[in-house]
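Visitor: So here's work15.txt (compact mmCIF, C-alpha atoms).
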# COMPACT_ATOMS: atom_id res chain seq x y z
CA MET A 1 17.60 29.01 12.59
CA GLU A 2 19.50 32.30 12.76
CA LYS A 3 17.49 34.86 10.83
CA ALA A 4 20.54 36.50 9.29
CA ALA A 5 21.60 33.28 7.66
CA VAL A 6 18.78 32.93 5.14
CA LYS A 7 17.74 35.69 2.80
CA SER A 8 14.09 36.41 2.01
CA THR A 9 14.32 35.45 -1.67
CA LYS A 10 13.93 31.69 -0.94
CA LYS A 11 16.33 31.10 -3.84
CA VAL A 12 19.77 29.64 -3.35
CA ASN A 13 22.44 32.05 -4.48
CA THR A 14 25.16 30.84 -6.79
CA ALA A 15 27.81 32.63 -4.66
CA GLN A 16 28.04 29.84 -2.09
CA GLU A 17 26.21 31.65 0.69
CA ARG A 18 26.78 30.07 4.10
CA LEU A 19 23.67 29.00 5.97
CA ARG A 20 23.60 28.27 9.68
CA PHE A 21 20.94 26.40 11.66
CA ALA A 22 20.69 26.06 15.41
CA SER A 23 19.10 23.48 17.75
CA VAL A 24 21.17 20.68 16.21
CA SER A 25 21.76 17.35 17.94
CA LEU A 26 24.92 15.36 17.24
CA VAL A 27 24.40 11.60 17.35
CA ARG A 28 27.08 8.90 17.13
CA GLN A 29 26.19 5.35 16.14
CA GLY A 30 29.00 2.90 15.57
CA GLU A 31 31.66 4.44 13.38
CA HIS A 32 29.33 7.07 11.92
CA ARG A 33 27.92 10.33 13.19
CA PHE A 34 24.92 12.29 12.05
CA PHE A 35 23.07 15.48 12.90
CA SER A 36 19.38 15.83 13.70
CA LEU A 37 17.63 19.13 12.96
CA THR A 38 14.86 20.74 10.92
CA LEU A 39 15.25 22.60 7.62
CA PRO A 40 12.82 24.67 5.54
CA SER A 41 11.13 22.49 2.93
CA GLU A 42 11.98 24.90 0.10
CA LEU A 43 15.65 24.77 1.05
CA LEU A 44 15.65 20.98 0.81
CA ALA A 45 14.18 21.19 -2.66
CA GLU A 46 16.99 23.54 -3.69
CA THR A 47 20.02 21.84 -2.12
CA CYS A 48 19.28 18.09 -2.37
CA PHE A 49 19.78 15.66 -5.25
CA VAL A 50 19.70 11.96 -6.08
CA ILE A 51 21.72 9.76 -8.37
CA ALA A 52 19.40 7.32 -10.13
CA ARG A 53 20.63 4.09 -11.68
CA ASP A 54 19.56 5.18 -15.16
CA GLU A 55 21.51 8.45 -14.79
CA ASP A 56 24.72 6.89 -13.51
CA PRO A 57 24.79 3.06 -13.53
CA ILE A 58 28.18 3.06 -11.78
CA LYS A 59 27.55 5.46 -8.89
CA GLY A 60 23.75 5.47 -8.79
CA PHE A 61 21.67 3.50 -6.32
CA GLN A 62 18.40 5.42 -5.91
CA ARG A 63 15.03 4.44 -7.35
CA GLU A 64 13.60 6.13 -10.42
CA LEU A 65 11.45 9.06 -9.34
CA ASP A 66 7.71 8.45 -9.43
CA LEU A 67 6.35 11.89 -10.36
CA LYS A 68 2.78 10.83 -9.61
CA ARG A 69 3.73 9.93 -6.06
CA ALA A 70 5.60 13.22 -5.60
CA LYS A 71 2.55 15.17 -6.80
CA GLU A 72 0.31 13.23 -4.42
CA ILE A 73 2.61 14.24 -1.55
CA ALA A 74 2.46 17.87 -2.72
CA ALA A 75 -1.34 17.79 -2.85
CA TYR A 76 -1.41 16.23 0.62
CA ILE A 77 0.79 19.02 1.98
CA ASP A 78 -1.21 21.78 0.27
CA SER A 79 -4.50 20.38 1.56
CA GLY A 80 -3.73 22.00 4.91
CA LEU A 81 -4.08 18.69 6.73
CA GLY A 82 -0.78 17.18 5.61
CA THR A 83 1.93 16.36 8.12
CA ILE A 84 5.05 14.29 7.41
CA PRO A 85 7.00 13.82 10.65
CA SER A 86 9.46 11.19 9.44
CA SER A 87 13.00 12.42 8.80
CA ILE A 88 14.64 12.86 5.43
CA VAL A 89 18.05 11.13 5.49
CA LEU A 90 20.83 13.05 3.74
CA SER A 91 24.55 12.72 3.16
CA ALA A 92 26.52 15.99 3.15
CA GLN A 93 28.76 16.29 0.09
CA PRO A 94 32.33 17.68 0.28
CA ASP A 95 31.42 20.90 -1.52
CA ALA A 96 28.83 21.69 1.15
CA GLU A 97 31.71 22.14 3.64
CA LEU A 98 29.51 21.06 6.54
CA GLU A 99 30.67 22.41 9.91
CA TYR A 100 29.31 21.73 13.39
CA ASP A 101 29.71 24.32 16.15
CA ARG A 102 29.59 22.32 19.37
CA ALA A 103 29.34 25.37 21.61
CA ARG A 104 26.40 26.88 19.72
CA LYS A 105 24.91 23.50 18.75
CA SER A 106 24.59 24.79 15.21
CA LEU A 107 25.35 23.47 11.74
CA SER A 108 26.55 25.53 8.79
CA PHE A 109 27.03 24.64 5.12
CA ASN A 110 27.35 26.17 1.68
CA SER A 111 24.04 26.88 0.01
CA ILE A 112 24.67 25.08 -3.27
CA ARG A 113 22.64 22.97 -5.67
CA LYS A 114 24.14 19.63 -4.66
CA ALA A 115 24.93 20.09 -1.01
CA PHE A 116 23.18 16.87 0.08
CA LEU A 117 22.64 13.47 -1.50
CA ILE A 118 19.24 12.03 -0.56
CA ILE A 119 19.64 8.60 1.05
CA ASP A 120 15.97 8.20 2.02
CA GLY A 121 13.00 10.41 1.19
CA GLN A 122 13.46 11.47 -2.43
CA HIS A 123 9.71 11.46 -3.14
CA ARG A 124 9.02 13.59 -0.08
CA VAL A 125 11.67 16.11 -1.14
CA TYR A 126 10.31 16.29 -4.67
CA GLY A 127 6.84 16.57 -3.21
CA PHE A 128 8.04 19.62 -1.25
CA MET A 129 9.35 21.02 -4.52
CA GLN A 130 5.90 20.62 -6.13
CA ALA A 131 4.00 21.99 -3.11
CA LYS A 132 2.95 25.61 -2.69
CA THR A 133 3.13 25.37 1.09
CA ALA A 134 6.46 25.79 2.90
CA PHE A 135 7.17 24.30 6.32
CA ARG A 136 9.93 22.87 8.50
CA VAL A 137 11.04 19.30 7.86
CA PRO A 138 12.97 16.98 10.23
CA VAL A 139 16.20 15.78 8.64
CA ILE A 140 19.13 13.53 9.48
CA ILE A 141 22.42 14.62 7.92
CA TYR A 142 25.35 12.21 7.78
CA ASP A 143 28.81 13.66 7.38
CA GLY A 144 31.93 12.14 5.89
CA LEU A 145 30.32 9.17 4.14
CA SER A 146 31.99 7.56 1.16
CA ARG A 147 29.88 6.49 -1.82
CA ARG A 148 30.17 2.93 -0.54
CA ASP A 149 28.89 4.05 2.88
CA GLU A 150 26.01 5.95 1.26
CA THR A 151 25.05 2.92 -0.81
CA ARG A 152 25.20 0.58 2.19
CA LEU A 153 23.11 2.98 4.25
CA PHE A 154 20.52 3.11 1.46
CA ILE A 155 20.38 -0.70 1.39
CA ASP A 156 20.12 -0.94 5.19
CA ILE A 157 17.29 1.58 5.41
CA ASN A 158 15.29 0.04 2.59
CA SER A 159 15.83 -3.61 3.60
CA LYS A 160 15.43 -3.34 7.37
CA GLN A 161 12.47 -0.96 7.47
CA LYS A 162 9.18 -2.83 7.35
CA GLY A 163 6.16 -1.19 5.80
CA VAL A 164 2.74 -1.23 7.44
CA PRO A 165 0.75 -4.23 6.12
CA ALA A 166 -2.01 -3.35 3.65
CA GLU A 167 -4.43 -5.32 5.83
CA LEU A 168 -3.76 -3.06 8.82
CA LEU A 169 -4.11 0.11 6.76
CA LEU A 170 -7.49 -1.07 5.46
CA ASP A 171 -8.53 -2.04 8.97
CA ILE A 172 -7.82 1.41 10.46
CA LYS A 173 -8.98 3.63 7.57
CA LYS A 174 -12.36 3.95 9.26
CA LEU A 175 -10.72 5.50 12.32
CA ALA A 176 -8.82 7.94 10.10
CA GLU A 177 -12.01 8.76 8.15
CA TYR A 178 -10.09 8.04 4.94
CA GLU A 179 -12.43 5.45 3.46
CA LYS A 180 -13.96 5.84 0.03
CA ASP A 181 -17.58 4.70 -0.41
CA GLU A 182 -16.47 1.41 -1.99
CA GLU A 183 -13.97 0.70 0.79
CA GLU A 184 -16.58 1.48 3.42
CA LEU A 185 -19.07 -0.94 1.86
CA LEU A 186 -16.52 -3.73 1.53
CA ARG A 187 -15.38 -3.19 5.12
CA GLU A 188 -18.95 -3.48 6.37
CA ILE A 189 -19.52 -6.69 4.39
CA PHE A 190 -16.22 -8.15 5.60
CA ASP A 191 -17.05 -7.30 9.21
CA ILE A 192 -20.40 -9.08 9.00
CA PHE A 193 -18.72 -12.17 7.55
CA LEU A 194 -16.17 -11.88 10.37
CA HIS A 195 -18.62 -11.63 13.28
CA ASP A 196 -21.85 -13.33 12.17
CA THR A 197 -21.83 -16.96 13.32
CA SER A 198 -24.05 -17.92 10.36
CA SER A 199 -21.25 -16.82 8.01
CA VAL A 200 -19.67 -19.59 5.96
CA LEU A 201 -16.42 -17.64 6.45
CA TYR A 202 -16.77 -17.45 10.24
CA GLY A 203 -13.35 -18.17 11.74
CA ARG A 204 -11.72 -17.99 8.32
CA LEU A 205 -11.01 -14.26 8.14
CA SER A 206 -8.11 -12.14 9.39
CA PRO A 207 -8.97 -8.41 9.56
CA ALA A 208 -5.66 -6.69 10.36
CA SER A 209 -2.89 -9.01 9.16
CA LYS A 210 -2.10 -11.95 6.92
CA ALA A 211 -2.63 -15.38 8.48
CA VAL A 212 -2.15 -18.86 7.07
CA GLY A 213 -5.45 -20.50 6.18
CA LYS A 214 -7.43 -17.27 6.49
CA ILE A 215 -8.65 -14.59 4.09
CA SER A 216 -7.14 -11.19 4.85
CA ARG A 217 -9.05 -7.95 4.43
CA SER A 218 -6.92 -6.95 1.43
CA VAL A 219 -7.56 -10.29 -0.33
CA PHE A 220 -11.28 -9.97 0.43
CA ASN A 221 -11.40 -6.46 -1.04
CA THR A 222 -9.43 -7.44 -4.15
CA ALA A 223 -11.75 -10.40 -4.77
CA MET A 224 -14.96 -8.46 -4.09
CA LYS A 225 -14.19 -5.24 -5.99
CA PRO A 226 -15.33 -6.59 -9.39
CA LEU A 227 -18.69 -7.44 -7.79
CA VAL A 228 -19.38 -3.89 -6.63
CA ARG A 229 -20.73 -2.94 -10.05
CA VAL A 230 -23.63 -5.40 -9.62
CA PHE A 231 -24.40 -4.50 -5.99
CA GLY A 232 -26.62 -1.57 -6.94
CA GLU A 233 -28.02 0.33 -3.95
CA LYS A 234 -28.20 -2.68 -1.64
CA GLU A 235 -26.98 -2.28 1.94
CA ALA A 236 -24.16 -4.33 3.44
CA GLU A 237 -26.54 -6.60 5.41
CA GLU A 238 -28.52 -7.56 2.30
CA LEU A 239 -25.35 -8.11 0.29
CA PHE A 240 -23.99 -10.35 3.05
CA GLU A 241 -27.15 -12.49 2.87
CA VAL A 242 -26.73 -12.93 -0.91
CA LEU A 243 -22.99 -13.56 -0.84
CA ASN A 244 -23.16 -15.86 2.17
CA ALA A 245 -25.92 -17.89 0.46
CA TYR A 246 -23.76 -18.18 -2.65
CA LEU A 247 -20.57 -19.18 -0.81
CA THR A 248 -22.52 -21.67 1.31
CA ALA A 249 -23.95 -23.26 -1.84
CA LEU A 250 -20.52 -23.31 -3.46
CA ASN A 251 -19.06 -24.97 -0.40
CA ASP A 252 -21.89 -27.55 -0.12
CA GLY A 253 -22.31 -28.20 -3.83
CA VAL A 254 -18.72 -28.19 -5.04
CA LEU A 255 -16.11 -28.30 -2.30
CA ILE A 256 -17.57 -30.80 0.18
CA PRO A 257 -18.36 -33.45 -2.49
CA GLN A 258 -14.82 -33.07 -3.81
CA GLU A 259 -13.35 -33.07 -0.28
CA GLN A 260 -11.84 -29.65 -0.92
CA GLU A 261 -13.65 -27.63 1.75
CA SER A 262 -10.42 -26.16 3.15
CA ILE A 263 -9.55 -24.28 -0.03
CA LEU A 264 -12.47 -21.86 0.39
CA SER A 265 -10.25 -19.74 2.65
CA THR A 266 -7.26 -19.70 0.29
CA ALA A 267 -6.65 -16.44 -1.55
CA MET A 268 -6.58 -17.98 -5.02
CA PHE A 269 -9.79 -20.00 -4.72
CA PHE A 270 -11.62 -17.17 -2.96
CA ARG A 271 -10.84 -14.84 -5.85
CA ALA A 272 -12.06 -17.52 -8.26
CA ALA A 273 -15.24 -17.99 -6.22
CA CYS A 274 -16.01 -14.26 -6.33
CA ALA A 275 -15.38 -14.13 -10.07
CA PHE A 276 -17.66 -17.18 -10.60
CA PHE A 277 -20.43 -15.33 -8.73
CA LEU A 278 -20.74 -13.00 -11.73
CA ILE A 279 -21.39 -16.07 -13.90
CA ILE A 280 -23.79 -17.92 -11.68
CA ALA A 281 -25.87 -15.06 -10.18
CA PRO A 282 -27.48 -14.13 -13.54
CA LYS A 283 -28.48 -17.78 -14.00
CA VAL A 284 -30.15 -17.81 -10.58
CA LYS A 285 -32.04 -14.63 -11.43
CA ASP A 286 -33.17 -16.03 -14.81
CA ARG A 287 -34.51 -19.24 -13.27
CA PHE A 288 -35.77 -18.13 -9.85
CA GLY A 289 -36.12 -14.38 -10.14
CA ALA A 290 -34.13 -12.14 -7.78
CA ILE A 291 -34.38 -14.69 -4.96
CA TYR A 292 -30.79 -15.40 -4.03
CA THR A 293 -31.11 -18.20 -1.49
CA ALA A 294 -28.57 -20.92 -0.79
CA ASP A 295 -30.99 -23.49 -2.27
CA ASN A 296 -31.32 -21.55 -5.51
CA PHE A 297 -27.54 -21.18 -5.85
CA TYR A 298 -27.15 -24.86 -4.93
CA PHE A 299 -29.27 -25.83 -7.97
CA PHE A 300 -26.29 -24.75 -10.09
CA THR A 301 -23.33 -25.40 -7.80
CA GLU A 302 -24.40 -29.03 -7.35
CA GLN A 303 -24.09 -29.48 -11.10
CA VAL A 304 -20.60 -27.99 -11.04
CA GLY A 305 -19.61 -30.35 -8.24
CA GLN A 306 -20.79 -33.35 -10.23
CA ASN A 307 -18.81 -32.42 -13.35
CA ILE A 308 -15.49 -31.08 -12.12
CA LYS A 309 -12.29 -32.84 -11.06
CA PRO A 310 -10.74 -31.93 -7.68
CA SER A 311 -7.47 -30.93 -9.35
CA LYS A 312 -9.29 -28.25 -11.37
CA LEU A 313 -10.32 -26.47 -8.18
CA LYS A 314 -6.72 -25.82 -7.14
CA GLY A 315 -5.66 -24.12 -10.35
CA THR A 316 -2.07 -23.85 -11.48
CA GLY A 317 0.57 -21.57 -10.03
CA THR A 318 -0.93 -18.33 -8.75
CA ALA A 319 -3.61 -17.84 -11.43
CA TYR A 320 -7.23 -18.01 -10.32
CA LYS A 321 -8.89 -17.60 -13.74
CA PRO A 322 -8.30 -21.25 -14.80
CA ILE A 323 -10.40 -22.29 -11.79
CA VAL A 324 -13.21 -20.00 -12.95
CA ASP A 325 -12.97 -21.41 -16.47
CA SER A 326 -13.10 -24.98 -15.14
CA MET A 327 -16.19 -24.30 -13.01
CA GLU A 328 -17.92 -22.58 -15.91
CA ALA A 329 -17.08 -25.51 -18.22
CA ALA A 330 -18.45 -27.93 -15.60
CA LEU A 331 -21.68 -25.93 -15.43
CA LYS A 332 -22.08 -25.87 -19.20
CA GLY A 333 -21.39 -29.60 -19.34
CA THR A 334 -24.80 -30.28 -17.81
CA PHE A 335 -26.78 -28.76 -20.69
CA GLN A 336 -29.35 -31.00 -22.44
CA LEU A 337 -32.08 -30.22 -24.98
As structure tokens, what does this structure read like?
Guide:
Amino acid sequence: MEKAAVKSTKKVNTAQERLRFASVSLVRQGEHRFFSLTLPSELLAETCFVIARDEDPIKGFQRELDLKRAKEIAAYIDSGLGTIPSSIVLSAQPDAELEYDRARKSLSFNSIRKAFLIIDGQHRVYGFMQAKTAFRVPVIIYDGLSRRDETRLFIDINSKQKGVPAELLLDIKKLAEYEKDEEELLREIFDIFLHDTSSVLYGRLSPASKAVGKISRSVFNTAMKPLVRVFGEKEAEELFEVLNAYLTALNDGVLIPQEQESILSTAMFFRAACAFFLIIAPKVKDRFGAIYTADNFYFFTEQVGQNIKPSKLKGTGTAYKPIVDSMEAALKGTFQL
């Protein structure tokens, strides 16, 4: 950036000051051209805007701003560890009077409030606005787009980009040292179920992606999270022994007699199974003390298997709670004075 182009106030003047930035690359793709460069984060916050659908239902196409997400980005930046290398995609507006100097490989424009419409990256830009830390940001600036072109570009970016699967993010959080205590514990339990050949879920888990007929790490975590409150100070190995004993008893006492063994590794039934653990574990403790063996769980799961219909184990739609209710009703149905 040429030092004379930007004043030290960091505030955009109302008198249409011209700004010039060097080290600009011109790229042509199809019938469009765009420029690749870096801009100061505070300048982006002062010269960029969005048109949300609720502000202008005719011209608007952007999402409603999530202030919480923007503040999280700001906190990430201000932490001193934050880095956001992905480019903000902008469309220069006519009043910006964007000009490219091919000889100097520089780009100049009017420093005005609405110089650039944000095509992609509105939360990052608003995060920069909230942040105390200023830094350079990679940007892509399209020139000469109509509103139709801008809208189509927005659709293309948001429909053709594929986000990182939640399963993969969970799988690599350990490497990034981003895990919370709960996530660390659940990862350790999952990994034991994954690798231990005595695991009733051995061969039925998928750690880094979704797979048909297998329980992904994200499904496992979602199902197990309600159980964390009863785990106490137990280590992952001990919790695996308890949970594996329970799931083995559930499989042997309920699923095998009903010829439904395959549903143990479906997301809906697995969530139901974990929820039912909170119902059956206290009964095991009351009758046998804190001895959570497969045989002790089987004392109760066998009764469920004898009193439930196969159709009740599959639930309806995508709801898992009816399965839990059916298993609990089947367990209660065995009561005698």
Visitor: Give one line per residue of range 107-217 of chain A that approaches range 74-87 of chain A to at most 6 Å, naming the two atoms of the closest pair and their distance in Å to one decimal, counting all atoms listed in the file; sort by chain then ascending residue number and deliver it as JSON lines.
Guide:
{"residue": "A:Gly127", "atom": "CA", "partner": "A:Ala74", "partner_atom": "CA", "distance": 4.6}
{"residue": "A:Gln130", "atom": "CA", "partner": "A:Ala74", "partner_atom": "CA", "distance": 5.6}
{"residue": "A:Ala131", "atom": "CA", "partner": "A:Ala74", "partner_atom": "CA", "distance": 4.4}
{"residue": "A:Thr133", "atom": "CA", "partner": "A:Asp78", "partner_atom": "CA", "distance": 5.7}
{"residue": "A:Pro138", "atom": "CA", "partner": "A:Ser87", "partner_atom": "CA", "distance": 4.8}
{"residue": "A:Val139", "atom": "CA", "partner": "A:Ser87", "partner_atom": "CA", "distance": 4.6}
Visitor: Go through A:Ala319, A:Ala22, A:Leu264, A:Leu39 one by one, measure the shortest atom-to-atom distance of each to Phe128 in chain A using only C-alpha atoms, and give the residue with the smallest value.
Guide: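 Using only C-alpha atoms, Phe128 in chain A sits closest to A:Leu39.
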Visitor: Which residue gives the smallest distance to Ile263 in chain A among A:Pro282, A:Gly232, A:Gly305, A:Gly213, with all atoms listed in the file counted?
Guide: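 Under the stated criterion, the closest residue is A:Gly213.
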Visitor: Rounded to one decimal place, report the CA of Ile192 in chain A-CA of Ala208 in chain A distance in Å.
Guide: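 A separation of 15.0 Å between them.
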Visitor: So the first atom is CA of Phe300 in chain A and the second is CA of Arg229 in chain A; what is the distance between them in Å, to one decimal place?
Guide: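 Going from CA of Phe300 in chain A over to CA of Arg229 in chain A, I get 22.5 Å.
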Visitor: For the atom pair CA of Leu201 in chain A and CA of Ala245 in chain A, what is the interatomic distance in Å to one decimal place?
Guide: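 So the two atoms, CA of Leu201 in chain A and CA of Ala245 in chain A, lie 11.2 Å apart.
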Visitor: Extract, using all atoms listed in the file, all DNA, RNA and protein residues at most 9 Å from Ile323 in chain A, discarding same-chain residues fewer than 4 positions from it, and format them as a PyMOL selection string.
Guide: chain A and resi 268-269+272-273+276+312-316+319+327-328
Visitor: Looking at A:Gln258, A:Thr47, A:Thr266, A:Thr222, which one is nearest to Leu205 in chain A, with distances taken over all atoms listed in the file?
Guide: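 Checking each of A:Gln258, A:Thr47, A:Thr266, A:Thr222 against Leu205 in chain A, counting all atoms listed in the file, the winner is A:Thr266.
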Visitor: At a cut-off of 6 Å, using all atoms listed in the file, what residues contact Lys214 in chain A? Leave out same-chain residues fewer than 2 positions from it and give the result as a PyMOL selection string.
Guide: chain A and resi 204-206+211-212+265
Visitor: Do you know which residues are at most 6 Å from Val89 in chain A counting all atoms listed in the file, after dropping those on the same chain fewer than 2 positions away, and could you put them as a PyMOL selection string?
Guide: chain A and resi 119-120+139-140
Visitor: Excluding same-chain residues fewer than 3 positions from Leu145 in chain A, what lies within 9 Å of it counting only C-alpha atoms, as a VMD selection string?
Guide: chain A and resid 32 91 to 93 142 148 to 150
Visitor: Within 12 Å of Asp295 in chain A, counting all atoms listed in the file, which residues show up once you throw out same-chain ones fewer than 6 positions away? Write them as a list in words, please.
Guide: Val242, Asn244, Ala245, Tyr246, Leu247, Thr248, Ala249, Leu250, Asp252, Gly253, Val284, Phe288, Thr301 and Glu302 of chain A
Visitor: Of the residues A:Ala223, A:Ala115, A:Met129, A:Val50, which is the one nearest to Lys71 in chain A, using all atoms listed in the file?
Guide: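 Closest residue, counting all atoms listed in the file: A:Met129.
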Visitor: Between A:Gln306, A:Asn296, A:Ser23, A:Gln29, which has the minimum distance to Arg102 in chain A (counting all atoms listed in the file)?
Guide: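 Of A:Gln306, A:Asn296, A:Ser23, A:Gln29, the one nearest Arg102 in chain A, counting all atoms listed in the file, is A:Ser23.
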Visitor: Would you place a box with edges along x, y and z of the file around all atoms of range 311-314 of chain A listed there, add 8 Å to each of its six sides, and report the centre and edge lengths in Å to one decimal, as AutoDock Vina command-line options?
Guide:
--center_x -8.5 --center_y -28.4 --center_z -9.3 --size_x 19.6 --size_y 21.1 --size_z 20.2
Visitor: Between A:Glu261, A:Glu17, A:Glu183, A:Glu46, which residue has the minimum interatomic distance to Met224 in chain A, considering only C-alpha atoms?
Guide: A:Glu183
Visitor: Limit the output to N, CA and C atoms and give range 289-304 of chain A as a short mmCIF file (atom, residue, chain, number, x, y, z; two decimals), in the first residue's frame.
Guide:
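Below is the file result.cif, written as the result:
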data_model
loop_
_atom_site.label_atom_id
_atom_site.label_comp_id
_atom_site.auth_asym_id
_atom_site.auth_seq_id
_atom_site.Cartn_x
_atom_site.Cartn_y
_atom_site.Cartn_z
N GLY A 289 -26.07 -53.13 43.52
CA GLY A 289 -25.00 -52.25 43.94
C GLY A 289 -24.31 -51.69 42.70
N ALA A 290 -23.22 -50.97 42.87
CA ALA A 290 -22.53 -50.34 41.74
C ALA A 290 -21.67 -51.36 41.00
N ILE A 291 -22.29 -52.46 40.60
CA ILE A 291 -21.59 -53.53 39.86
C ILE A 291 -22.24 -53.60 38.49
N TYR A 292 -21.66 -52.89 37.55
CA TYR A 292 -22.30 -52.72 36.24
C TYR A 292 -21.75 -53.72 35.23
N THR A 293 -22.12 -54.99 35.43
CA THR A 293 -21.69 -56.03 34.49
C THR A 293 -22.77 -56.25 33.44
N ALA A 294 -22.39 -56.94 32.37
CA ALA A 294 -23.35 -57.25 31.32
C ALA A 294 -24.48 -58.13 31.86
N ASP A 295 -24.15 -59.05 32.77
CA ASP A 295 -25.17 -59.93 33.35
C ASP A 295 -26.18 -59.14 34.17
N ASN A 296 -25.69 -58.16 34.93
CA ASN A 296 -26.60 -57.36 35.76
C ASN A 296 -27.50 -56.48 34.90
N PHE A 297 -26.97 -55.92 33.82
CA PHE A 297 -27.81 -55.15 32.90
C PHE A 297 -28.79 -56.08 32.19
N TYR A 298 -28.33 -57.29 31.87
CA TYR A 298 -29.16 -58.24 31.14
C TYR A 298 -30.39 -58.64 31.94
N PHE A 299 -30.30 -58.62 33.28
CA PHE A 299 -31.44 -58.94 34.13
C PHE A 299 -32.64 -58.06 33.75
N PHE A 300 -32.36 -56.83 33.36
CA PHE A 300 -33.44 -55.89 33.01
C PHE A 300 -33.69 -55.86 31.49
N THR A 301 -32.64 -55.90 30.70
CA THR A 301 -32.86 -55.82 29.25
C THR A 301 -33.59 -57.05 28.71
N GLU A 302 -33.39 -58.21 29.35
CA GLU A 302 -34.12 -59.41 28.93
C GLU A 302 -35.61 -59.19 29.09
N GLN A 303 -36.00 -58.52 30.18
CA GLN A 303 -37.42 -58.27 30.41
C GLN A 303 -37.99 -57.31 29.37
N VAL A 304 -37.19 -56.35 28.96
CA VAL A 304 -37.62 -55.44 27.90
C VAL A 304 -37.83 -56.21 26.60
#
